[in-house]
Structure formats: C-alpha cells, structure tokens
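Engineer: Once you've had a glance at the structure underneath, I'll fire off some questions.
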Amino acid sequence: MDEQLVGNTQFFGEESQGRVCAAFVIVVGVGGVGSHVAASLARSGVGHLRVIDFDRVTLSSLNRHAFALREDVGTSKVECIAKYVKKVVPHIELDTIESFLDKDNVNRLIDPRADYVIDCIDNIDAKVALLAYCYKNNIKVVSSCGAGMKADPTWLQIRDISDTHDDDLARAVRIQLKKLGITKGIPVVFSEEKTTRELLPLKEFQEEDPDKYRLLKNYRVRIVPVLGTMPAMVAYTMASFTLCELAKQPLKPFKIDLVRPNHYLRIFQKLFDSEKKRGIPEDDVEFDLDDIYTIARYIFQWKCALTQRKHQNMEALRWDPTKPARIDNIVLMNNKDARVHEKLVSLSESPYDEETKTRVANKLQEALRFSQQPIRLYV
C-alpha cells in the first residue's frame with residue numbers, strides 16, 4: 001500500500017499522510033459529484049469511508065458518474081461505489097447505506113466520530129437537515145452547491161456559505177438554514193459562473209399533476225441540464241479541500257479576482273510618483289507592478305491595513321516612512337487613512353495600538369516570504 005500512496009506521501013509527508021489513512025469520512029450522495037469524491041478519497045488513502053445514497057444508477061447517470069457502467073444500470077449507487085472502490089483499494093473499510101437522509105434519521109446515519117462529512121446532496125430538505133445536524137454537533141462538513149447548468153471550471157470557488165451568489169441551490173439552502181439560526185460557518189464549493197440555462201420544462205404528460213412524478217416528497221420533477229464534466233470538477237475541488245484538512249495542511253482559498261488590471265496599474269503609478277517626489281531616482285525604486293498585485297490581492301485581499309475592511313478608494317504607501325518602499329514595507333489603506341498616515345515622520349509617533357502594529361508587521365513578513373518563494377522548474 002505504501003507504493004500505491006507514494007505520490008500522496010511525497011506531497012503531504014509521512015505524518016500527514018498517516019492522518020489521512022487514519023481518517024473516517026462520510027460522503028452523502030454518491031451521484032455525479034459524490035461518486036468522484038468517494039473515488040478520490042479512497043485512492044488517496046482514507047482508511048474508513050461511509051457512503052450514503054437511496055438512489056439507483058440510471059442510463060442518464062453514465063455521463064457523470066465516476067464508476068458506473070451500463071451493466072450497473074438499475075443497481076444501487078452505494079453498491080456500485082463499493083464494487084469498484086474495493087477493486088482499487090481492497091483493504092479500505094467501507095460502509096454502504098442505501099437510505100434517503102432526512103431530519104428524522106440523520107442522527108442515525110451520521111456518526112459523530114467522523115473526521116469529515118462531505119455533502120453531495122441535491123435535495124434542499126435533505127441538504128439542510130445534514131448541514132444543520134453537522135453544524136449543531138460540531139462535525140466538520142463541506143458542501144457542494146449546484147454543478148448543473150454550469151460549464152466553466154475557472155469560476156469554481158471555495159467559500160463560506162454566507163458568501164455565495166449566482167447559485168440557486170446555495171440560495172435556497174441559505175434561506176432554510178437562516179430559519180434554523182445558521183448564517184455562516186459552513187464551507188461550500190460553488191460556481192460564480194452566470195448562466196442563461198434553465199430547468200428543462202415538464203413533459204406534456206407531467207403537466208397536469210407533477211406531484212405524481214416526484215421520486216420522493218418535495219423532490220423536484222423538472223430536470224437540471226448537466227454537462228458531465230462539471231460534477232467531477234466540483235468533486236475534486238471538495239476532495240482536495242478535505243484531504244488537506246485531514247492532513248492538517250489546510251488550504252487558504254482565494255476569491256476570484258474581479259479587479260481590473262488597470263486598477264493595479266493606477267495604484268502602482270500613484271506610489272511610484274510619490275516616491276519620485278521623495279527624491280528617489282526611478283532606477284532606485286524597489287517595487288514593481290507584481291509587488292503591488294501581491295500586496296493588494298494576496299496579502300491584504302483588498303482590505304485596509306488599519307480598518308481591515310474593504311473601501312471604495314484604496315492606495316498603496318509606505319508603512320514605516322523611514323524605510324524604502326518595497327514589498328515588506330508597503331501597505332494598502334483607504335484614502336482617508338492614507339492622508340493621515342503619510343504625514344507621519346516615524347512609526348513610533350503613530351496613533352496605532354500594538355495589536356495593529358503587530359498585525360501589519362505579520363502581514364508584511366508574509367509578503368516578504370511570498371516574494372522569496374523560489375521558481376520551481378519541472379524537468
């Protein structure tokens with residue numbers, strides 16, 4: 001088994017990969033998204049896996065399911081997962097539960113000893129029941145939002161559920177969770193892609209009484225058009241997030257940058273001009289446009305160094321006025337605070353408390369480390 005997991009071990013290190021191998025993870029919903037999650041976790045060495053789903057494999061599942069073949073049509077999705085996972089990882093401890101999760105049985109299906117729960121459910125009531133149970137019982141969980149009607153993987157994001165948009169499933173779940181007093185604290189994978197696609201219309205014979213054609217109570221009848229690649233994209237994003245959490249090497253997801261390049265250029269030019277006014281020759285300026293991008297986008301994430309909030313008008317300037325403007329001494333501030341700060345002769349006379357000074361100093365050290373990362377050549 002060591003040889004089978006050598007890639008992961010080289011990536012995480014032996015101790016962290018050991019944590020992955022000792023982990024117990026529950027995947028709820030093993031269709032287009034969940035089947036790929038289960039496959040990835042099993043292949044990555046998760047020692048104990050539980051898969052839960054009530055549904056069966058259909059012909060339409062085959063454009064997105066990780067394992068299902070034509071011979072599996074009509075069989076339960078959890079048994080399909082077990083059949084193929086065991087061929088890849090024979091020693092895995094694998095629980096299969098063929099059941100529809102709801103608020104009445106969630107406490108029986110979800111073991112509180114699980115290291116992580118991965119929600120790949122597409123039914124709103126079931127999804128809310130699972131997320132609320134995990135949240136209230138301090139069980140770590142990550143949730144998938146809508147993979148249907150989307151096509152562009154570059155718009156995928158890992159965010160808190162409170163920070164989602166352009167996703168009808170996420171919106172519906174947020175509304176229901178809010179009624180239960182839950183507004184944040186649940187990481188999700190969703191797509192910011194804006195789509196013009198819609199649910200397919202009811203078939204003519206369904207229009208008179210759609211309820212007759214519901215698979216279960218409160219289950220939608222209209223079909224979500226799904227490009228087969230997108231569920232897998234969502235799944236592997238969730239799997240990477242979970243594996244890094246299990247290994248205690250958590251990701252630090254960044255938001256898609258919607259700031260236009262010329263905005264970075266304006267900030268750069270303003271700081272560049274201020275340095276020239278200080279008498280610094282152009283050839284002696286110690287920062288470039290990449291440094292401004294790093295400071296604004298990655299280090300301060302477009303938040304003012306002092307208020308820790310986003311503002312309409314931001315600019316870059318020296319933190320310590322006695323030191324050169326370079327990546328470990330450039331901060332982002334709103335215009336009002338910047339006008340006050342630029343009048344300082346030294347940091348020692350600043351009105352900032354020690355907590356603020358320490359926080360900014362740590363950010364600037366992070367910027368320095370970021371700039372010193374070596375360029376890795378793959379040969």
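FYI, nothing fancy with the structure tokens labels: chains A, B, ... in order, residues from 1 per chain, ligands from 1 as they appear.
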Would you list the contacts of Arg359 (chain A) as a PyMOL selection string, taking every protein, DNA or RNA residue within 12 Å and counting only C-alpha atoms, but skipping same-chain residues closer than 3 positions in sequence?
Structural biologist: chain A and resi 299-300+305-308+331+352-356+362-366
Engineer: Could you write out that same residue set with N, CA and C atoms as a PDB file, in the first residue's frame?
Structural biologist:
```pdb
ATOM      1  N   ILE A 299      -1.976  39.603   0.058  1.00  0.00           N
ATOM      2  CA  ILE A 299      -1.631  39.888   1.458  1.00  0.00           C
ATOM      3  C   ILE A 299      -2.775  40.593   2.187  1.00  0.00           C
ATOM      4  N   PHE A 300      -3.251  41.684   1.626  1.00  0.00           N
ATOM      5  CA  PHE A 300      -4.327  42.424   2.297  1.00  0.00           C
ATOM      6  C   PHE A 300      -5.718  42.118   1.722  1.00  0.00           C
ATOM      7  N   ALA A 305      -5.260  48.136   5.727  1.00  0.00           N
ATOM      8  CA  ALA A 305      -4.390  47.600   6.776  1.00  0.00           C
ATOM      9  C   ALA A 305      -4.851  48.016   8.168  1.00  0.00           C
ATOM     10  N   LEU A 306      -5.524  49.150   8.275  1.00  0.00           N
ATOM     11  CA  LEU A 306      -5.954  49.663   9.586  1.00  0.00           C
ATOM     12  C   LEU A 306      -7.364  49.213   9.947  1.00  0.00           C
ATOM     13  N   THR A 307      -8.324  49.394   9.048  1.00  0.00           N
ATOM     14  CA  THR A 307      -9.717  49.078   9.371  1.00  0.00           C
ATOM     15  C   THR A 307     -10.055  47.608   9.148  1.00  0.00           C
ATOM     16  N   GLN A 308      -9.232  46.907   8.347  1.00  0.00           N
ATOM     17  CA  GLN A 308      -9.463  45.515   7.955  1.00  0.00           C
ATOM     18  C   GLN A 308     -10.784  45.358   7.206  1.00  0.00           C
ATOM     19  N   VAL A 331       1.852  48.963   2.383  1.00  0.00           N
ATOM     20  CA  VAL A 331       0.538  48.551   2.880  1.00  0.00           C
ATOM     21  C   VAL A 331      -0.557  49.143   2.001  1.00  0.00           C
ATOM     22  N   TYR A 352      -1.307  54.242  16.320  1.00  0.00           N
ATOM     23  CA  TYR A 352      -1.764  52.863  16.234  1.00  0.00           C
ATOM     24  C   TYR A 352      -1.403  52.081  17.494  1.00  0.00           C
ATOM     25  N   ASP A 353      -2.313  51.214  17.934  1.00  0.00           N
ATOM     26  CA  ASP A 353      -2.027  50.396  19.110  1.00  0.00           C
ATOM     27  C   ASP A 353      -1.110  49.236  18.723  1.00  0.00           C
ATOM     28  N   GLU A 354      -0.610  48.532  19.728  1.00  0.00           N
ATOM     29  CA  GLU A 354       0.363  47.458  19.482  1.00  0.00           C
ATOM     30  C   GLU A 354      -0.255  46.309  18.695  1.00  0.00           C
ATOM     31  N   GLU A 355      -1.522  46.056  18.921  1.00  0.00           N
ATOM     32  CA  GLU A 355      -2.187  44.974  18.185  1.00  0.00           C
ATOM     33  C   GLU A 355      -2.177  45.253  16.684  1.00  0.00           C
ATOM     34  N   THR A 356      -2.473  46.496  16.327  1.00  0.00           N
ATOM     35  CA  THR A 356      -2.470  46.878  14.913  1.00  0.00           C
ATOM     36  C   THR A 356      -1.063  46.779  14.328  1.00  0.00           C
ATOM     37  N   ASN A 362       3.107  41.320  10.780  1.00  0.00           N
ATOM     38  CA  ASN A 362       2.973  39.920  10.369  1.00  0.00           C
ATOM     39  C   ASN A 362       2.583  39.815   8.893  1.00  0.00           C
ATOM     40  N   LYS A 363       1.702  40.711   8.458  1.00  0.00           N
ATOM     41  CA  LYS A 363       1.295  40.717   7.053  1.00  0.00           C
ATOM     42  C   LYS A 363       2.487  41.013   6.145  1.00  0.00           C
ATOM     43  N   LEU A 364       3.318  41.948   6.567  1.00  0.00           N
ATOM     44  CA  LEU A 364       4.461  42.328   5.743  1.00  0.00           C
ATOM     45  C   LEU A 364       5.530  41.238   5.721  1.00  0.00           C
ATOM     46  N   GLN A 365       5.665  40.507   6.816  1.00  0.00           N
ATOM     47  CA  GLN A 365       6.559  39.354   6.806  1.00  0.00           C
ATOM     48  C   GLN A 365       6.039  38.274   5.857  1.00  0.00           C
ATOM     49  N   GLU A 366       4.719  38.123   5.832  1.00  0.00           N
ATOM     50  CA  GLU A 366       4.108  37.176   4.896  1.00  0.00           C
ATOM     51  C   GLU A 366       4.384  37.599   3.457  1.00  0.00           C
TER      52      GLU A 366
END
```
Engineer: When DSSP works through the backbone of this structure, what residues of region 43-100 of chain A end up as strand (DSSP E), shown as a list of chain:residue names?
Structural biologist: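 Selection result, strand (DSSP E) within region 43-100 of chain A: A:His48, A:Leu49, A:Arg50, A:Val51, A:Ile52, A:Glu93, A:Leu94, A:Asp95, A:Thr96, A:Ile97.
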Engineer: Find the residues near Lys136 (chain A): any atom within 12 Å, counting only C-alpha atoms, skip ones fewer than 6 places away on the same chain, and give them as a list in words.
Structural biologist: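 My reading of the contact set: Asn107, Pro112, Val128, Ala129, Leu130, Leu177, Leu180, Gly181, Ile182, Gly185 and Ile186 of chain A.
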Engineer: Just to be explicit: take each residue in the selection above, keep N, CA and C atoms, and write the result as a PDB file, in the first residue's frame.
Structural biologist:
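As written to disk, out.pdb reads:
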```pdb
ATOM      1  N   ASN A 107     -29.409  11.606  12.576  1.00  0.00           N
ATOM      2  CA  ASN A 107     -28.611  11.276  13.763  1.00  0.00           C
ATOM      3  C   ASN A 107     -28.192   9.810  13.782  1.00  0.00           C
ATOM      4  N   PRO A 112     -21.056  10.788  14.794  1.00  0.00           N
ATOM      5  CA  PRO A 112     -20.357  11.987  15.287  1.00  0.00           C
ATOM      6  C   PRO A 112     -18.841  11.811  15.393  1.00  0.00           C
ATOM      7  N   VAL A 128     -30.298  20.558   3.943  1.00  0.00           N
ATOM      8  CA  VAL A 128     -30.429  21.397   5.134  1.00  0.00           C
ATOM      9  C   VAL A 128     -30.377  20.546   6.400  1.00  0.00           C
ATOM     10  N   ALA A 129     -31.051  19.395   6.385  1.00  0.00           N
ATOM     11  CA  ALA A 129     -31.044  18.507   7.549  1.00  0.00           C
ATOM     12  C   ALA A 129     -29.624  18.063   7.893  1.00  0.00           C
ATOM     13  N   LEU A 130     -28.844  17.704   6.869  1.00  0.00           N
ATOM     14  CA  LEU A 130     -27.467  17.255   7.091  1.00  0.00           C
ATOM     15  C   LEU A 130     -26.580  18.384   7.589  1.00  0.00           C
ATOM     16  N   LEU A 177     -31.445  27.453   6.187  1.00  0.00           N
ATOM     17  CA  LEU A 177     -30.542  27.420   7.342  1.00  0.00           C
ATOM     18  C   LEU A 177     -30.733  28.642   8.234  1.00  0.00           C
ATOM     19  N   LEU A 180     -33.101  28.306  10.892  1.00  0.00           N
ATOM     20  CA  LEU A 180     -32.601  27.482  11.997  1.00  0.00           C
ATOM     21  C   LEU A 180     -31.515  28.205  12.791  1.00  0.00           C
ATOM     22  N   GLY A 181     -31.282  29.463  12.463  1.00  0.00           N
ATOM     23  CA  GLY A 181     -30.286  30.257  13.188  1.00  0.00           C
ATOM     24  C   GLY A 181     -28.869  30.080  12.694  1.00  0.00           C
ATOM     25  N   ILE A 182     -28.705  29.519  11.493  1.00  0.00           N
ATOM     26  CA  ILE A 182     -27.365  29.274  10.940  1.00  0.00           C
ATOM     27  C   ILE A 182     -27.181  30.184   9.727  1.00  0.00           C
ATOM     28  N   GLY A 185     -20.396  29.680   8.609  1.00  0.00           N
ATOM     29  CA  GLY A 185     -19.639  28.631   9.287  1.00  0.00           C
ATOM     30  C   GLY A 185     -19.639  27.305   8.570  1.00  0.00           C
ATOM     31  N   ILE A 186     -20.135  27.276   7.315  1.00  0.00           N
ATOM     32  CA  ILE A 186     -20.148  26.036   6.532  1.00  0.00           C
ATOM     33  C   ILE A 186     -19.423  26.288   5.211  1.00  0.00           C
TER      34      ILE A 186
END
```
Engineer: Work out how far apart CA of Arg108 (chain A) and CA of Phe54 (chain A) are and give it in Å to one decimal.
Structural biologist: 14.9 Å
Engineer: Compile the contact shell of Arg64 (chain A) as a PyMOL selection string: residues with an atom at most 10 Å away, counting only C-alpha atoms, same-chain residues fewer than 6 positions apart removed.
Structural biologist: chain A and resi 31-33+35-36+226-232
Engineer: Just the number, please: distance in Å from CA of His48 (chain A) to CA of Ala114 (chain A), one decimal.
Structural biologist: 9.2 Å
Engineer: Can you work out which one of A:Leu109, A:Cys80, A:Val117, A:Leu169 has the shortest atom-to-atom distance to Ala23 (chain A), counting only C-alpha atoms?
Structural biologist: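 Going through A:Leu109, A:Cys80, A:Val117, A:Leu169 one by one, the smallest distance to Ala23 (chain A) is for A:Val117.
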Engineer: Counting only C-alpha atoms, what is within 12 Å of Leu258 (chain A), bar same-chain residues fewer than 3 positions away, as a list in words?
Structural biologist: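 Near neighbours after the sequence-gap exclusion: Trp155, Glu192, Phe254, Lys255, Pro261, Asn262, His263, Tyr264, Arg297, Gln301 and Trp302 of chain A.
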